[in-house]
>>> print(open('run12.csv').read())   # CSV, C-alpha atoms
chain,number,residue,atom,x,y,z
A,171,MET,CA,243.2,73.9,26.0
A,172,ASN,CA,240.0,72.0,25.4
A,173,GLU,CA,238.4,72.3,22.0
A,174,LYS,CA,234.9,73.8,21.9
A,175,LYS,CA,231.7,72.6,20.3
A,176,VAL,CA,228.3,74.2,20.1
A,177,CYS,CA,225.4,73.0,22.2
A,178,PRO,CA,222.6,72.1,19.8
A,179,TYR,CA,219.9,73.2,22.3
A,180,CYS,CA,221.0,76.7,23.4
A,181,GLY,CA,223.7,77.5,20.8
A,182,ARG,CA,226.5,78.2,23.3
A,183,GLN,CA,230.0,76.9,23.3
A,184,VAL,CA,231.0,74.1,25.7
A,185,ASN,CA,234.0,71.8,26.0
A,186,SER,CA,234.1,69.2,23.3
A,187,ASP,CA,234.2,66.3,25.8
A,188,ALA,CA,231.3,67.7,27.9
A,189,ARG,CA,228.4,65.2,28.4
A,190,PHE,CA,226.0,67.9,29.5
A,191,CYS,CA,225.7,71.6,28.6
A,192,THR,CA,226.8,73.8,31.4
A,193,TYR,CA,224.3,76.5,30.4
A,194,CYS,CA,221.0,74.7,29.6
A,195,GLY,CA,221.7,71.4,31.2
A,196,HIS,CA,220.8,69.2,28.2
A,197,GLN,CA,222.6,65.9,27.7
A,198,LEU,CA,224.9,66.2,24.7
A,199,ARG,CA,225.0,63.3,22.3
A,200,PRO,CA,228.4,61.8,21.3
A,201,ALA,CA,230.2,63.6,18.5
A,202,ASN,CA,230.5,60.4,16.5
A,203,ASP,CA,226.8,59.9,16.3
A,204,ALA,CA,226.2,59.4,12.6
A,205,LEU,CA,222.6,60.5,12.6
A,206,ARG,CA,223.5,63.6,14.6
A,207,GLN,CA,226.3,64.5,12.2
A,208,GLY,CA,224.0,64.0,9.3
A,209,THR,CA,221.3,66.3,10.7
A,210,GLU,CA,223.9,68.9,11.6
A,211,LYS,CA,225.2,68.9,8.0
A,212,MET,CA,221.6,69.3,6.7
A,213,SER,CA,221.0,72.1,9.2
A,214,ASP,CA,224.2,73.9,8.0
A,215,MET,CA,223.0,73.6,4.4
A,216,ILE,CA,219.7,75.2,5.3
A,217,GLY,CA,221.5,78.0,7.1
A,218,GLU,CA,223.8,78.6,4.2
A,219,SER,CA,220.9,78.5,1.7
A,220,ILE,CA,219.0,81.2,3.7
A,221,GLY,CA,222.2,83.2,4.0
A,222,VAL,CA,222.7,83.2,7.8
A,223,SER,CA,226.0,82.1,9.2
A,224,GLY,CA,226.4,80.1,12.5
A,225,LYS,CA,225.3,76.8,13.8
A,226,SER,CA,221.6,76.0,13.8
A,227,TYR,CA,220.1,75.0,17.1
A,228,PHE,CA,216.6,74.2,18.2
A,229,ASN,CA,214.9,72.3,21.1
A,230,ILE,CA,211.7,70.6,20.1
A,231,LYS,CA,210.8,70.1,23.8
A,232,ASP,CA,210.6,73.9,24.2
A,233,LEU,CA,207.7,74.0,21.7
A,234,PHE,CA,205.5,72.2,24.3
A,235,THR,CA,207.0,73.1,27.7
A,236,GLU,CA,204.6,76.1,28.2
A,237,VAL,CA,201.6,74.4,26.8
A,238,PHE,CA,200.7,72.6,30.0
A,239,LYS,CA,201.3,75.6,32.3
A,240,LYS,CA,198.6,78.0,33.4
A,241,HIS,CA,198.4,81.3,31.5
A,242,GLY,CA,196.0,84.0,32.4
A,243,VAL,CA,194.1,86.7,30.4
A,244,ASP,CA,197.0,89.1,30.8
A,245,ASP,CA,199.4,86.6,29.1
A,246,GLU,CA,196.9,86.2,26.2
A,247,ASP,CA,196.6,90.0,25.9
A,248,GLU,CA,200.4,90.4,25.8
A,249,ILE,CA,200.7,88.0,22.9
A,250,PHE,CA,197.8,89.3,20.7
A,251,ILE,CA,198.5,93.0,21.1
A,252,ALA,CA,201.9,92.7,19.6
A,253,GLY,CA,202.8,94.4,16.3
A,254,THR,CA,201.3,97.8,16.9
A,255,SER,CA,203.3,101.0,16.8
A,256,SER,CA,203.3,101.1,20.6
A,257,THR,CA,204.0,97.4,21.2
A,258,THR,CA,206.7,96.6,18.7
A,259,PRO,CA,210.0,96.4,20.5
A,260,ASP,CA,213.2,98.0,19.3
A,261,LEU,CA,215.5,95.6,17.6
A,262,LYS,CA,218.0,95.7,20.5
A,263,ASP,CA,215.2,94.5,22.8
A,264,VAL,CA,214.0,91.6,20.7
A,265,ILE,CA,214.2,88.3,22.6
A,266,THR,CA,216.2,85.8,20.5
A,267,ASN,CA,216.1,82.8,22.7
A,268,TRP,CA,214.4,79.7,21.3
A,269,PRO,CA,210.7,80.4,21.5
A,270,LYS,CA,208.4,78.6,23.9
A,271,PRO,CA,205.0,79.1,22.3
A,272,TRP,CA,201.7,78.0,24.1
A,273,ALA,CA,198.8,80.1,22.7
A,274,TYR,CA,198.6,77.9,19.6
A,275,SER,CA,197.4,75.1,21.9
A,276,ARG,CA,194.6,77.2,23.3
A,277,VAL,CA,193.5,78.3,19.9
A,278,PHE,CA,193.4,74.7,18.8
A,279,LEU,CA,191.2,73.8,21.8
A,280,VAL,CA,188.8,76.6,21.0
A,281,LEU,CA,188.5,75.7,17.3
A,282,PHE,CA,188.3,72.0,18.0
A,283,LEU,CA,185.5,72.4,20.6
A,284,THR,CA,183.6,74.7,18.2
A,285,THR,CA,183.9,72.1,15.4
A,286,ALA,CA,182.7,69.3,17.7
A,287,LEU,CA,179.7,71.3,18.9
A,288,LEU,CA,178.7,72.0,15.3
A,289,TYR,CA,179.2,68.4,14.3
A,290,ILE,CA,176.8,67.3,17.2
A,291,MET,CA,174.2,69.8,16.0
A,292,VAL,CA,174.3,68.5,12.4
A,293,ASN,CA,174.8,64.8,13.1
A,294,ASN,CA,172.7,64.3,16.3
A,295,PHE,CA,170.0,66.9,15.8
A,296,ASN,CA,169.8,66.7,12.0
A,297,ASN,CA,170.2,70.5,11.8
A,298,SER,CA,171.5,71.2,8.3
A,299,ASN,CA,171.7,74.9,9.0
A,300,MET,CA,174.9,74.2,11.0
A,301,LEU,CA,176.5,72.3,8.1
A,302,PRO,CA,178.3,75.2,6.5
A,303,GLY,CA,179.7,76.2,9.9
A,304,PHE,CA,180.9,72.7,10.6
A,305,ILE,CA,182.6,72.4,7.2
A,306,PHE,CA,184.4,75.7,7.6
A,307,MET,CA,185.5,75.1,11.2
A,308,ALA,CA,186.7,71.6,10.4
A,309,ALA,CA,188.8,73.1,7.6
A,310,LEU,CA,190.0,76.0,9.8
A,311,THR,CA,191.1,74.2,13.0
A,312,MET,CA,194.6,72.8,12.1
A,313,PRO,CA,195.9,75.3,9.5
A,314,PHE,CA,194.9,78.3,11.8
A,315,THR,CA,196.5,76.6,14.8
A,316,VAL,CA,199.8,76.2,12.9
A,317,LEU,CA,199.5,79.8,11.8
A,318,ILE,CA,199.3,80.9,15.4
A,319,PHE,CA,202.5,78.9,16.1
A,320,PHE,CA,204.3,81.0,13.5
A,321,TRP,CA,202.7,84.1,15.0
A,322,GLU,CA,204.3,83.3,18.4
A,323,ALA,CA,207.6,82.4,16.8
A,324,ASN,CA,207.9,85.8,15.1
A,325,ALA,CA,210.4,87.2,17.7
A,326,PRO,CA,210.5,90.8,16.3
A,327,ARG,CA,206.8,91.2,17.2
A,328,ASN,CA,206.5,93.7,14.3
A,329,ILE,CA,203.4,92.3,12.6
A,330,SER,CA,200.0,93.0,14.1
A,331,PHE,CA,197.4,90.2,14.5
A,332,PHE,CA,195.0,92.2,12.2
A,333,MET,CA,197.6,92.2,9.5
A,334,VAL,CA,198.0,88.4,9.9
A,335,LEU,CA,194.2,88.0,9.6
A,336,ARG,CA,194.2,90.2,6.5
A,337,VAL,CA,196.9,88.2,4.8
A,338,PHE,CA,195.2,84.9,5.9
A,339,LEU,CA,191.8,85.9,4.4
A,340,ILE,CA,192.7,88.1,1.4
A,341,GLY,CA,196.0,86.5,0.7
A,342,GLY,CA,194.6,82.9,0.9
A,343,ALA,CA,191.8,83.9,-1.6
A,344,MET,CA,194.2,85.7,-3.9
A,345,ALA,CA,196.6,82.7,-3.9
A,346,LEU,CA,193.7,80.4,-4.9
A,347,LEU,CA,192.7,82.8,-7.7
A,348,SER,CA,196.3,83.0,-8.9
A,349,ALA,CA,196.5,79.2,-8.9
A,350,LEU,CA,193.3,79.0,-11.0
A,351,ILE,CA,194.6,81.5,-13.5
A,352,LEU,CA,197.9,79.5,-13.8
A,353,TYR,CA,196.0,76.3,-14.2
A,354,MET,CA,194.5,77.7,-17.3
A,355,PHE,CA,197.9,77.3,-19.0
A,356,ASP,CA,198.2,73.6,-17.8
A,357,HIS,CA,197.2,71.1,-20.5
A,358,SER,CA,198.5,68.0,-18.7
A,359,ARG,CA,196.3,64.9,-18.8
A,360,SER,CA,198.3,62.1,-17.0
A,361,GLU,CA,197.1,62.9,-13.4
A,362,THR,CA,198.7,59.9,-11.9
A,363,THR,CA,202.2,60.6,-12.9
A,364,LEU,CA,204.9,62.3,-10.8
A,365,ALA,CA,205.4,64.8,-13.5
A,366,TYR,CA,201.8,66.0,-13.1
A,367,ALA,CA,202.2,66.1,-9.3
A,368,LEU,CA,205.3,68.4,-9.9
A,369,ILE,CA,203.2,70.6,-12.2
A,370,ILE,CA,200.5,70.9,-9.4
A,371,GLY,CA,203.2,71.7,-6.9
A,372,LEU,CA,204.8,74.3,-9.2
A,373,ILE,CA,201.5,76.1,-9.9
A,374,GLU,CA,200.3,76.3,-6.4
A,375,GLU,CA,203.6,77.1,-4.7
A,376,VAL,CA,204.3,79.9,-7.3
A,377,ALA,CA,200.7,81.2,-6.8
A,378,LYS,CA,201.2,81.5,-3.0
A,379,LEU,CA,204.7,83.0,-3.5
A,380,ILE,CA,203.3,85.7,-5.8
A,381,VAL,CA,200.8,86.8,-3.2
A,382,SER,CA,203.2,86.5,-0.2
A,383,ALA,CA,205.9,88.5,-2.1
A,384,ALA,CA,203.4,91.3,-2.8
A,385,PHE,CA,202.6,91.6,1.0
A,386,ILE,CA,206.3,91.4,1.9
A,387,HIS,CA,207.5,93.9,-0.7
A,388,ARG,CA,204.7,96.4,0.1
A,389,ARG,CA,205.4,96.3,3.9
A,390,LYS,CA,209.2,95.9,3.6
A,391,TYR,CA,209.3,93.2,6.2
A,392,PRO,CA,213.1,92.5,6.7
A,393,PHE,CA,213.3,89.4,8.9
A,394,ILE,CA,213.3,85.8,8.0
A,395,LEU,CA,210.8,85.2,10.8
A,396,ASN,CA,208.5,87.8,9.1
A,397,GLY,CA,208.7,85.8,5.9
A,398,LEU,CA,207.8,82.6,7.7
A,399,LEU,CA,204.7,84.3,9.3
A,400,ILE,CA,203.5,86.0,6.1
A,401,GLY,CA,204.0,82.8,4.0
A,402,ALA,CA,202.2,80.7,6.7
A,403,ALA,CA,199.3,83.2,6.7
A,404,VAL,CA,198.8,82.9,2.9
A,405,GLY,CA,199.3,79.1,3.0
A,406,ALA,CA,196.8,78.8,5.9
A,407,GLY,CA,194.2,80.7,4.0
A,408,PHE,CA,194.8,78.7,0.9
A,409,ALA,CA,194.5,75.4,2.9
A,410,VAL,CA,191.3,76.4,4.7
A,411,PHE,CA,189.4,77.5,1.6
A,412,GLU,CA,190.6,74.4,-0.4
A,413,THR,CA,189.8,71.9,2.4
A,414,SER,CA,186.4,73.5,2.8
A,415,GLY,CA,185.7,72.7,-0.8
A,416,TYR,CA,186.9,69.1,-0.5
A,417,ILE,CA,184.7,68.5,2.5
A,418,PHE,CA,181.7,70.0,0.8
A,419,ASN,CA,182.2,68.0,-2.3
A,420,TYR,CA,182.6,64.8,-0.4
A,421,PHE,CA,179.4,65.6,1.5
A,422,LEU,CA,177.4,66.1,-1.7
A,423,TYR,CA,178.8,62.9,-3.1
A,424,TYR,CA,177.9,60.8,-0.1
A,425,LEU,CA,174.5,62.5,0.2
A,426,SER,CA,173.6,61.6,-3.4
A,427,LYS,CA,174.6,58.0,-2.6
A,428,ALA,CA,172.4,57.9,0.4
A,429,ASN,CA,169.3,59.5,-0.9
A,430,SER,CA,167.3,56.3,-0.5
A,431,TYR,CA,167.9,56.2,3.2
A,432,GLY,CA,165.5,59.1,4.1
A,433,TYR,CA,166.5,62.6,5.0
A,434,SER,CA,167.8,62.1,8.5
A,435,ALA,CA,169.8,58.9,7.7
A,436,SER,CA,171.2,60.4,4.5
A,437,LEU,CA,172.3,63.5,6.3
A,438,GLN,CA,174.0,61.6,9.1
A,439,TYR,CA,175.7,59.2,6.6
A,440,ALA,CA,177.0,62.1,4.5
A,441,VAL,CA,178.3,64.0,7.5
A,442,SER,CA,180.0,61.0,9.0
A,443,GLN,CA,181.8,60.2,5.7
A,444,SER,CA,182.8,63.9,5.3
A,445,LEU,CA,184.2,63.8,8.8
A,446,SER,CA,186.8,61.2,7.8
A,447,VAL,CA,187.9,63.6,5.0
A,448,ALA,CA,188.1,66.5,7.5
A,449,VAL,CA,190.2,64.5,9.9
A,450,LEU,CA,192.6,63.3,7.3
A,451,ARG,CA,193.1,66.7,5.8
A,452,GLY,CA,193.2,68.2,9.2
A,453,TRP,CA,196.1,66.3,10.7
A,454,THR,CA,198.0,66.2,7.4
A,455,SER,CA,197.8,70.0,7.1
A,456,LEU,CA,200.6,70.1,9.8
A,457,GLY,CA,203.0,69.6,6.9
A,458,GLY,CA,201.1,71.0,4.0
A,459,HIS,CA,200.4,74.4,2.4
A,460,VAL,CA,201.1,76.4,5.6
A,461,VAL,CA,204.7,75.2,6.0
A,462,TRP,CA,205.5,75.0,2.3
A,463,SER,CA,204.5,78.6,1.8
A,464,ALA,CA,206.3,79.6,4.9
A,465,MET,CA,209.6,78.2,3.8
A,466,THR,CA,209.3,79.7,0.3
A,467,CYS,CA,208.5,83.2,1.7
A,468,ALA,CA,211.4,83.0,4.1
A,469,GLY,CA,213.7,82.4,1.1
A,470,PHE,CA,212.2,85.4,-0.6
A,471,VAL,CA,212.7,87.7,2.4
A,472,ALA,CA,216.4,86.5,2.6
A,473,ALA,CA,216.7,87.4,-1.1
A,474,MET,CA,215.1,90.8,-0.5
A,475,GLY,CA,217.8,91.5,2.0
A,476,GLU,CA,220.4,91.2,-0.8
A,477,THR,CA,218.5,93.0,-3.6
A,478,LYS,CA,215.8,95.6,-3.4
A,479,SER,CA,214.3,94.7,-6.8
A,480,LEU,CA,211.2,92.6,-6.6
A,481,SER,CA,212.0,90.8,-9.8
A,482,ASP,CA,215.6,90.1,-8.8
A,483,ALA,CA,214.5,88.8,-5.5
A,484,ALA,CA,211.9,86.5,-7.1
A,485,PHE,CA,214.6,84.8,-9.2
A,486,HIS,CA,217.3,84.9,-6.6
A,487,LYS,CA,218.9,81.6,-5.6
A,488,ARG,CA,217.6,81.8,-2.1
A,489,THR,CA,214.0,82.2,-3.3
A,490,LEU,CA,214.4,79.5,-5.9
A,491,THR,CA,216.1,77.1,-3.5
A,492,PHE,CA,213.2,77.1,-1.0
A,493,LEU,CA,210.6,77.3,-3.8
A,494,LEU,CA,212.1,74.1,-5.3
A,495,LEU,CA,212.0,72.4,-1.8
A,496,ALA,CA,208.4,73.3,-1.4
A,497,ILE,CA,207.5,72.1,-4.9
A,498,ILE,CA,209.2,68.7,-4.4
A,499,LEU,CA,207.5,68.2,-1.0
A,500,HIS,CA,204.2,69.2,-2.5
A,501,ALA,CA,204.6,66.9,-5.5
A,502,LEU,CA,205.6,63.9,-3.3
A,503,TRP,CA,202.6,64.7,-1.1
A,504,ASP,CA,200.2,64.6,-4.1
A,505,PHE,CA,201.8,61.6,-5.8
A,506,ASN,CA,200.2,58.3,-4.9
A,507,ILE,CA,202.6,55.9,-3.2
A,508,GLU,CA,200.3,53.2,-2.2
A,509,PHE,CA,202.7,50.9,-0.3
A,510,LEU,CA,203.6,53.8,2.1
A,511,GLY,CA,200.0,54.8,2.9
A,512,ALA,CA,199.8,57.4,5.8
A,513,VAL,CA,203.6,56.8,6.5
A,514,LYS,CA,204.3,59.0,3.5
A,515,TYR,CA,202.5,62.0,5.1
A,516,ILE,CA,204.3,61.5,8.4
A,517,LEU,CA,207.7,61.4,6.7
A,518,LEU,CA,207.0,64.5,4.7
A,519,ILE,CA,205.7,66.3,7.7
A,520,VAL,CA,208.9,65.5,9.6
A,521,VAL,CA,211.1,66.7,6.7
A,522,ALA,CA,209.1,69.9,6.3
A,523,TRP,CA,209.3,70.7,10.0
A,524,PHE,CA,213.0,70.0,10.1
A,525,ILE,CA,213.4,72.7,7.5
A,526,ILE,CA,211.0,75.1,9.3
A,527,LEU,CA,212.7,74.7,12.7
A,528,ASN,CA,216.1,75.3,11.1
A,529,LEU,CA,214.7,78.4,9.4
A,530,ILE,CA,213.3,79.7,12.8
A,531,SER,CA,216.8,79.1,14.2
A,532,ALA,CA,218.3,81.0,11.3
A,533,GLY,CA,215.8,83.8,11.8
A,534,LEU,CA,216.8,84.2,15.4
A,535,ARG,CA,220.5,84.2,14.5
A,536,GLN,CA,219.8,86.9,11.9
A,537,ILE,CA,218.4,89.2,14.5
A,538,GLN,CA,221.3,88.5,16.9
A,539,GLN,CA,223.8,89.4,14.1
A,540,LEU,CA,221.8,92.6,13.2
A,541,THR,CA,221.9,93.7,16.9
A,542,HIS,CA,225.7,93.3,17.1
A,543,LYS,CA,226.4,95.3,14.0
>>> encode(input="run12.csv", output="structure tokens")
Amino acid sequence: MNEKKVCPYCGRQVNSDARFCTYCGHQLRPANDALRQGTEKMSDMIGESIGVSGKSYFNIKDLFTEVFKKHGVDDEDEIFIAGTSSTTPDLKDVITNWPKPWAYSRVFLVLFLTTALLYIMVNNFNNSNMLPGFIFMAALTMPFTVLIFFWEANAPRNISFFMVLRVFLIGGAMALLSALILYMFDHSRSETTLAYALIIGLIEEVAKLIVSAAFIHRRKYPFILNGLLIGAAVGAGFAVFETSGYIFNYFLYYLSKANSYGYSASLQYAVSQSLSVAVLRGWTSLGGHVVWSAMTCAGFVAAMGETKSLSDAAFHKRTLTFLLLAIILHALWDFNIEFLGAVKYILLIVVAWFIILNLISAGLRQIQQLTHK
């Protein structure tokens, strides 16, 4: 009798010597592939850390297969009306196949186009009235796009879009306020050291977790995928408000440097320089506050499943494991490693999304296991 192995793309069992999965058709890599074995071990560790048994599986291609297909207004309505009392499915009816999101790409196009139009009005028509709108939209585009991805990945469909907006706006602002309060207790001075970067990571990730945990505990959201979404919403709000401030400060700095150029030239120079900051913080937000907060909140939800006490869940090993991961990623992000340049951000984004995709897989397995109890 042939031994079985798990297809990494669909999660079903196939013969150990099979070259292709008989269910999903994907080509299977050799079992002795060292890289494959290494990633599988790390995936298993993530699953164990979140408390969900079974092999992790995810197919990155499925995150883009629906993006280039035509979707009508009815498809959009079906996605964004989810989470109400009349549209939340019963647990037994939840679809636990690997998600194939697409709405996030449409949201990105809308936000990007709006930002581009505002930039043209400021830069080409010297209309400073449009400057605040440009700054906010430039900061909003990527974090909110990533948030919509998490919204689509929330298979239980039990959180309304209005709730997501509420957490995004109020939660993001509250997380920033919490961070500022915690910074009052920080007396570090060596801003270039890794230790200082760790302190920043600790303060900001704890601040976001405090706010995320409050929303989770109040609403009693039970699923790992819920934790990912709520954490992403708080992280996205935090990122948008923070990035808006950075762009604005850079604008003021370059405007003061260009005062001698005359009004029109100074405005164009300051806006063009601010745009480079917006672009850098935009694409790097793929692996920043949104995903760090999401993974931490997923750990907290897993902990809440084992203890109903808020304090016990906050100091549970599942919460602390993913909080520590987020702090380390955050610290490495902030720490200046000159010889790596932009490569550092790319590597950290890949690592963060490897963790996130495994957590989504664990969240789907959690629902499968609950429906078979």
>>> closest_residue(input="run12.csv", among="A:Val441, A:Ala343, A:Ala512, A:Leu518", to="Pro302 in chain A", atoms="only C-alpha atoms")
A:Val441
>>> residues_around(input="run12.csv", residues="range 465-473 of chain A", least_positions_apart="4", cutoff="10 Å", atoms="only C-alpha atoms", output="PyMOL selection string")
chain A and resi 219-222+375-376+378-383+386-387+390-402+404+460-461+477-480+482-497+522-523+525-526+529-530+533+536
>>> write_last_selection(input="run12.csv", atoms="C-alpha atoms", output="PDB file, in the coordinates of the input")
ATOM      1  CA  SER A 219     220.900  78.500   1.700  1.00  0.00           C
ATOM      2  CA  ILE A 220     219.000  81.200   3.700  1.00  0.00           C
ATOM      3  CA  GLY A 221     222.200  83.200   4.000  1.00  0.00           C
ATOM      4  CA  VAL A 222     222.700  83.200   7.800  1.00  0.00           C
ATOM      5  CA  GLU A 375     203.600  77.100  -4.700  1.00  0.00           C
ATOM      6  CA  VAL A 376     204.300  79.900  -7.300  1.00  0.00           C
ATOM      7  CA  LYS A 378     201.200  81.500  -3.000  1.00  0.00           C
ATOM      8  CA  LEU A 379     204.700  83.000  -3.500  1.00  0.00           C
ATOM      9  CA  ILE A 380     203.300  85.700  -5.800  1.00  0.00           C
ATOM     10  CA  VAL A 381     200.800  86.800  -3.200  1.00  0.00           C
ATOM     11  CA  SER A 382     203.200  86.500  -0.200  1.00  0.00           C
ATOM     12  CA  ALA A 383     205.900  88.500  -2.100  1.00  0.00           C
ATOM     13  CA  ILE A 386     206.300  91.400   1.900  1.00  0.00           C
ATOM     14  CA  HIS A 387     207.500  93.900  -0.700  1.00  0.00           C
ATOM     15  CA  LYS A 390     209.200  95.900   3.600  1.00  0.00           C
ATOM     16  CA  TYR A 391     209.300  93.200   6.200  1.00  0.00           C
ATOM     17  CA  PRO A 392     213.100  92.500   6.700  1.00  0.00           C
ATOM     18  CA  PHE A 393     213.300  89.400   8.900  1.00  0.00           C
ATOM     19  CA  ILE A 394     213.300  85.800   8.000  1.00  0.00           C
ATOM     20  CA  LEU A 395     210.800  85.200  10.800  1.00  0.00           C
ATOM     21  CA  ASN A 396     208.500  87.800   9.100  1.00  0.00           C
ATOM     22  CA  GLY A 397     208.700  85.800   5.900  1.00  0.00           C
ATOM     23  CA  LEU A 398     207.800  82.600   7.700  1.00  0.00           C
ATOM     24  CA  LEU A 399     204.700  84.300   9.300  1.00  0.00           C
ATOM     25  CA  ILE A 400     203.500  86.000   6.100  1.00  0.00           C
ATOM     26  CA  GLY A 401     204.000  82.800   4.000  1.00  0.00           C
ATOM     27  CA  ALA A 402     202.200  80.700   6.700  1.00  0.00           C
ATOM     28  CA  VAL A 404     198.800  82.900   2.900  1.00  0.00           C
ATOM     29  CA  VAL A 460     201.100  76.400   5.600  1.00  0.00           C
ATOM     30  CA  VAL A 461     204.700  75.200   6.000  1.00  0.00           C
ATOM     31  CA  THR A 477     218.500  93.000  -3.600  1.00  0.00           C
ATOM     32  CA  LYS A 478     215.800  95.600  -3.400  1.00  0.00           C
ATOM     33  CA  SER A 479     214.300  94.700  -6.800  1.00  0.00           C
ATOM     34  CA  LEU A 480     211.200  92.600  -6.600  1.00  0.00           C
ATOM     35  CA  ASP A 482     215.600  90.100  -8.800  1.00  0.00           C
ATOM     36  CA  ALA A 483     214.500  88.800  -5.500  1.00  0.00           C
ATOM     37  CA  ALA A 484     211.900  86.500  -7.100  1.00  0.00           C
ATOM     38  CA  PHE A 485     214.600  84.800  -9.200  1.00  0.00           C
ATOM     39  CA  HIS A 486     217.300  84.900  -6.600  1.00  0.00           C
ATOM     40  CA  LYS A 487     218.900  81.600  -5.600  1.00  0.00           C
ATOM     41  CA  ARG A 488     217.600  81.800  -2.100  1.00  0.00           C
ATOM     42  CA  THR A 489     214.000  82.200  -3.300  1.00  0.00           C
ATOM     43  CA  LEU A 490     214.400  79.500  -5.900  1.00  0.00           C
ATOM     44  CA  THR A 491     216.100  77.100  -3.500  1.00  0.00           C
ATOM     45  CA  PHE A 492     213.200  77.100  -1.000  1.00  0.00           C
ATOM     46  CA  LEU A 493     210.600  77.300  -3.800  1.00  0.00           C
ATOM     47  CA  LEU A 494     212.100  74.100  -5.300  1.00  0.00           C
ATOM     48  CA  LEU A 495     212.000  72.400  -1.800  1.00  0.00           C
ATOM     49  CA  ALA A 496     208.400  73.300  -1.400  1.00  0.00           C
ATOM     50  CA  ILE A 497     207.500  72.100  -4.900  1.00  0.00           C
ATOM     51  CA  ALA A 522     209.100  69.900   6.300  1.00  0.00           C
ATOM     52  CA  TRP A 523     209.300  70.700  10.000  1.00  0.00           C
ATOM     53  CA  ILE A 525     213.400  72.700   7.500  1.00  0.00           C
ATOM     54  CA  ILE A 526     211.000  75.100   9.300  1.00  0.00           C
ATOM     55  CA  LEU A 529     214.700  78.400   9.400  1.00  0.00           C
ATOM     56  CA  ILE A 530     213.300  79.700  12.800  1.00  0.00           C
ATOM     57  CA  GLY A 533     215.800  83.800  11.800  1.00  0.00           C
ATOM     58  CA  GLN A 536     219.800  86.900  11.900  1.00  0.00           C
TER      59      GLN A 536
END
>>> residues_around(input="run12.csv", residues="Gln443 in chain A", least_positions_apart="4", cutoff="8 Å", atoms="only C-alpha atoms", output="JSON, numbers by chain")
{"A": [420, 421, 424, 439, 447]}
>>> residues_around(input="run12.csv", residues="range 407-412 of chain A", least_positions_apart="6", cutoff="7 Å", atoms="all atoms listed in the file", output="list in words")
Ala309, Leu310, Pro313, Phe338, Leu339, Gly341, Gly342, Ala343, Ala345, Leu346 and His459 of chain A
>>> write_last_selection(input="run12.csv", atoms="C-alpha atoms", output="PDB file, in the frame of the given file")
ATOM      1  CA  ALA A 309     188.800  73.100   7.600  1.00  0.00           C
ATOM      2  CA  LEU A 310     190.000  76.000   9.800  1.00  0.00           C
ATOM      3  CA  PRO A 313     195.900  75.300   9.500  1.00  0.00           C
ATOM      4  CA  PHE A 338     195.200  84.900   5.900  1.00  0.00           C
ATOM      5  CA  LEU A 339     191.800  85.900   4.400  1.00  0.00           C
ATOM      6  CA  GLY A 341     196.000  86.500   0.700  1.00  0.00           C
ATOM      7  CA  GLY A 342     194.600  82.900   0.900  1.00  0.00           C
ATOM      8  CA  ALA A 343     191.800  83.900  -1.600  1.00  0.00           C
ATOM      9  CA  ALA A 345     196.600  82.700  -3.900  1.00  0.00           C
ATOM     10  CA  LEU A 346     193.700  80.400  -4.900  1.00  0.00           C
ATOM     11  CA  HIS A 459     200.400  74.400   2.400  1.00  0.00           C
TER      12      HIS A 459
END
>>> residues_near_point(input="run12.csv", point="(185.7, 69.3, 4.1)", cutoff="12 Å", atoms="all atoms listed in the file", output="compact mmCIF listing (two decimals) with C-alpha atoms, keeping the file's coordinate frame")
# COMPACT_ATOMS: atom_id res chain seq x y z
CA THR A 285 183.90 72.10 15.40
CA LEU A 301 176.50 72.30 8.10
CA PRO A 302 178.30 75.20 6.50
CA GLY A 303 179.70 76.20 9.90
CA PHE A 304 180.90 72.70 10.60
CA ILE A 305 182.60 72.40 7.20
CA PHE A 306 184.40 75.70 7.60
CA MET A 307 185.50 75.10 11.20
CA ALA A 308 186.70 71.60 10.40
CA ALA A 309 188.80 73.10 7.60
CA LEU A 310 190.00 76.00 9.80
CA THR A 311 191.10 74.20 13.00
CA ALA A 409 194.50 75.40 2.90
CA VAL A 410 191.30 76.40 4.70
CA PHE A 411 189.40 77.50 1.60
CA GLU A 412 190.60 74.40 -0.40
CA THR A 413 189.80 71.90 2.40
CA SER A 414 186.40 73.50 2.80
CA GLY A 415 185.70 72.70 -0.80
CA TYR A 416 186.90 69.10 -0.50
CA ILE A 417 184.70 68.50 2.50
CA PHE A 418 181.70 70.00 0.80
CA ASN A 419 182.20 68.00 -2.30
CA TYR A 420 182.60 64.80 -0.40
CA PHE A 421 179.40 65.60 1.50
CA LEU A 422 177.40 66.10 -1.70
CA TYR A 423 178.80 62.90 -3.10
CA ALA A 440 177.00 62.10 4.50
CA VAL A 441 178.30 64.00 7.50
CA SER A 442 180.00 61.00 9.00
CA GLN A 443 181.80 60.20 5.70
CA SER A 444 182.80 63.90 5.30
CA LEU A 445 184.20 63.80 8.80
CA SER A 446 186.80 61.20 7.80
CA VAL A 447 187.90 63.60 5.00
CA ALA A 448 188.10 66.50 7.50
CA VAL A 449 190.20 64.50 9.90
CA LEU A 450 192.60 63.30 7.30
CA ARG A 451 193.10 66.70 5.80
CA GLY A 452 193.20 68.20 9.20
